[in-house]
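Q: Have a look at this one.
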There are 2 protein chains.
Amino acid sequence: MSDVFDALAHPVRRKILKYLRERPLSAGELAERFDLAKPTLSGHFAVLKAADLVTTERKGTSIIYRLNMSVLEEAMAALMSIAGTEAPEPESQMPEGQIT
Amino acid sequence: MSDVFDALAHPVRRKILKYLRERPLSAGELAERFDLAKPTLSGHFAVLKAADLVTTERKGTSIIYRLNMSVLEEAMAALMSIAGTEAPEPESQMPEGQIT
DNA sequence: AATATATTTCGGTAATTCGCTAAATAACAA
DNA sequence: TTGTTATTTAGCGAATTACCGAAATATATT
């Protein structure tokens, strides 16, 4: 979940996700929409992909990026679980358990 | 909004918020719940406060941290606006507008 | 004033992030 | 094979993050 919020923490990456919400777009089509060098955008794509917020598919010479809605939903669930009313399990030494 | 997601991107900070959801806690009470040095926790508190996810109130020698639910709600709204169906306004040079 | 408690600030180290340009790779076309 | 287009990888510098121990600050108590 850290990866997801980390990916969401950059405005360019949030904007990328908003574009992908409309329809899948190639790396180049996305790059057209920003005033950043393509390698810079490619790095942002990699962060989004590592968080599983987007999936990719090669189409000829292009790579198509597609929004992964289910991970966005998980992020919302994580926010709900912070705002919610269940007690957090005590924890003093952060050993291993899923630290949502 | 970047500040908020940035703050949410660290597991310790998410855990802090979960503790504060139950009731306001002092810096020391929070620090007891983690195996991290107090200066480290103090840094995490500062990040949460910069994002306005918590508010503080001095009570004698203690500083009481309190969850700011409304900012959590704004974060959820931001996620909704990514998952939603409205078209993002075109933008090619990221000039100034609120880059949610 | 002196002491005790609670918390933050300071200074340092190691690791990471974000932007860039240049170079490498992948798929396709001639 | 050569060339063209699309995209990523490599490498760099500047800035930031996360942790720590030591020192500083703020409040209250004696």
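Ligands are numbered from 1 in the order shown, residues from 1 within each chain, and chains are lettered A, B, ... in the order they appear in the structure tokens.
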Least-squares align chain B to chain A using all Cα atoms paired by position, then dump the moved coordinates as a short mmCIF file (atom, residue, chain, number, x, y, z; two decimals) with C-alpha atoms, in the first residue's frame.
A:
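Saved file result29.cif follows:
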```cif
data_model
loop_
_atom_site.label_atom_id
_atom_site.label_comp_id
_atom_site.auth_asym_id
_atom_site.auth_seq_id
_atom_site.Cartn_x
_atom_site.Cartn_y
_atom_site.Cartn_z
CA MET B 1 0.06 0.03 0.03
CA SER B 2 3.00 2.36 0.59
CA ASP B 3 3.85 1.97 -3.07
CA VAL B 4 0.36 3.05 -4.06
CA PHE B 5 0.30 6.20 -1.93
CA ASP B 6 3.84 6.93 -2.99
CA ALA B 7 2.75 6.75 -6.62
CA LEU B 8 -0.23 8.98 -5.90
CA ALA B 9 1.96 11.56 -4.20
CA HIS B 10 3.17 13.12 -7.44
CA PRO B 11 0.85 15.47 -9.36
CA VAL B 12 2.06 14.29 -12.75
CA ARG B 13 1.28 10.70 -11.85
CA ARG B 14 -2.20 11.60 -10.62
CA LYS B 15 -2.75 13.42 -13.89
CA ILE B 16 -1.57 10.40 -15.85
CA LEU B 17 -4.13 8.26 -14.04
CA LYS B 18 -6.86 10.75 -14.86
CA TYR B 19 -6.01 10.55 -18.52
CA LEU B 20 -6.05 6.77 -18.40
CA ARG B 21 -9.42 6.80 -16.73
CA GLU B 22 -10.90 7.95 -20.06
CA ARG B 23 -9.20 5.34 -22.19
CA PRO B 24 -5.93 3.42 -22.47
CA LEU B 25 -3.12 5.47 -23.99
CA SER B 26 0.34 4.74 -25.31
CA ALA B 27 3.44 6.11 -23.61
CA GLY B 28 3.83 8.56 -26.47
CA GLU B 29 0.25 9.76 -26.32
CA LEU B 30 0.66 10.36 -22.62
CA ALA B 31 4.01 12.09 -23.11
CA GLU B 32 2.39 14.52 -25.57
CA ARG B 33 0.19 15.77 -22.78
CA PHE B 34 3.06 16.92 -20.57
CA ASP B 35 5.99 19.26 -20.95
CA LEU B 36 8.47 16.74 -19.63
CA ALA B 37 11.14 14.71 -21.36
CA LYS B 38 10.11 11.22 -22.33
CA PRO B 39 12.62 9.57 -20.02
CA THR B 40 11.08 11.50 -17.16
CA LEU B 41 7.61 10.29 -18.05
CA SER B 42 8.92 6.78 -18.52
CA GLY B 43 10.11 6.92 -14.93
CA HIS B 44 6.68 8.00 -13.77
CA PHE B 45 5.12 5.12 -15.70
CA ALA B 46 7.48 2.73 -13.95
CA VAL B 47 6.39 4.02 -10.55
CA LEU B 48 2.73 3.60 -11.44
CA LYS B 49 3.38 0.12 -12.75
CA ALA B 50 5.34 -0.89 -9.65
CA ALA B 51 2.31 0.15 -7.61
CA ASP B 52 0.16 -1.88 -10.00
CA LEU B 53 -1.95 1.20 -10.65
CA VAL B 54 -1.51 0.62 -14.38
CA THR B 55 -1.01 -2.41 -16.57
CA THR B 56 0.78 -2.49 -19.91
CA GLU B 57 0.34 -4.24 -23.20
CA ARG B 58 2.62 -4.05 -26.18
CA LYS B 59 0.86 -3.13 -29.42
CA GLY B 60 3.34 -3.12 -32.27
CA THR B 61 6.00 -0.58 -31.37
CA SER B 62 3.79 1.10 -28.84
CA ILE B 63 3.18 0.23 -25.23
CA ILE B 64 -0.34 0.81 -24.09
CA TYR B 65 -0.99 1.90 -20.52
CA ARG B 66 -4.28 1.04 -18.90
CA LEU B 67 -5.68 2.10 -15.53
CA ASN B 68 -6.03 -0.66 -12.95
CA MET B 69 -9.15 0.44 -11.16
CA SER B 70 -9.03 -2.29 -8.53
CA VAL B 71 -5.86 -0.91 -6.95
CA LEU B 72 -7.44 2.53 -6.77
CA GLU B 73 -10.29 0.89 -4.93
CA GLU B 74 -7.86 -0.74 -2.54
CA ALA B 75 -6.36 2.65 -1.82
CA MET B 76 -9.80 3.98 -0.98
CA ALA B 77 -10.37 1.01 1.30
CA ALA B 78 -7.10 1.78 3.05
CA LEU B 79 -8.23 5.35 3.65
CA MET B 80 -11.52 4.07 4.98
CA SER B 81 -9.67 1.79 7.35
CA ILE B 82 -7.82 4.80 8.72
CA ALA B 83 -10.96 6.86 9.06
CA GLY B 84 -12.96 3.87 10.30
CA THR B 85 -13.77 2.83 13.83
CA GLU B 86 -12.09 -0.55 14.28
CA ALA B 87 -9.22 -0.49 16.78
CA PRO B 88 -5.74 -0.94 15.33
CA GLU B 89 -3.98 -4.01 16.65
CA PRO B 90 -1.29 -2.99 19.13
CA GLU B 91 2.18 -3.15 17.72
CA SER B 92 5.42 -2.06 19.28
CA GLN B 93 8.17 -3.41 17.10
CA MET B 94 6.80 -3.55 13.54
CA PRO B 95 7.92 -7.13 12.95
CA GLU B 96 6.39 -8.30 9.71
CA GLY B 97 2.59 -8.31 9.52
CA GLN B 98 0.92 -6.44 6.68
CA ILE B 99 1.50 -2.86 7.68
CA THR B 100 -1.37 -1.55 5.65
#
```
Q: May I ask you to extract the residues of chain C within 9 Å of chain A, using only C-alpha atoms (C1' of nucleotides), and to give them as a ChimeraX atom specification?
A: /C:18-20,26-28
Q: Would you list the contacts of stretch 11-25 of chain D as a list in words, taking every protein, DNA or RNA residue within 8 Å and counting only C-alpha atoms (C1' of nucleotides), but skipping same-chain residues closer than 2 positions in sequence?
A: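 Listing them by chain and then by number gives Ala37 and Thr40 of chain B; DT8, DT9, DC10, DT16 and DT17 of chain C.
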Q: Determine which residues of chain A receive a DSSP assignment of strand (DSSP E), computed from the backbone, and state them as a ChimeraX atom specification.
A: /A:25-26,54-59,62-67
Q: As a list in words, please: all residues of stretch 39-75 of chain B that backbone DSSP puts in helix (DSSP H, G or I).
A: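 Assigned to helix (DSSP H, G or I), within stretch 39-75 of chain B: Pro39, Thr40, Leu41, Ser42, Gly43, His44, Phe45, Ala46, Val47, Leu48, Lys49, Ala50, Met69, Ser70, Val71, Leu72, Glu73, Glu74 and Ala75 of chain B.
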Q: Write the residues you've just listed into a file as a short mmCIF file (atom, residue, chain, number, x, y, z; two decimals), in the first residue's frame, and include C-alpha atoms for each of them.
A:
```
data_model
loop_
_atom_site.label_atom_id
_atom_site.label_comp_id
_atom_site.auth_asym_id
_atom_site.auth_seq_id
_atom_site.Cartn_x
_atom_site.Cartn_y
_atom_site.Cartn_z
CA PRO B 39 13.26 12.33 17.05
CA THR B 40 12.26 9.97 14.27
CA LEU B 41 8.64 10.01 15.38
CA SER B 42 8.78 13.76 15.80
CA GLY B 43 9.74 13.97 12.15
CA HIS B 44 6.77 11.83 11.18
CA PHE B 45 4.48 14.07 13.23
CA ALA B 46 5.83 17.08 11.37
CA VAL B 47 5.02 15.47 8.01
CA LEU B 48 1.48 14.70 9.13
CA LYS B 49 1.05 18.21 10.43
CA ALA B 50 2.40 19.76 7.23
CA MET B 69 -10.77 13.85 9.58
CA SER B 70 -11.70 16.44 6.97
CA VAL B 71 -8.35 16.14 5.20
CA LEU B 72 -8.74 12.38 5.08
CA GLU B 73 -12.08 12.99 3.42
CA GLU B 74 -10.44 15.29 0.91
CA ALA B 75 -7.98 12.56 0.07
#
```
Q: Enumerate as a ChimeraX atom specification the residues belonging to chain D that approach chain A to within 8 Å, with only C-alpha atoms (C1' of nucleotides) taken into account.
A: /D:5-8
Q: Do you have the atom C1' of D:DA28-atom C1' of C:DA2 distance handy?
A: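 It comes out at 12.5 Å.
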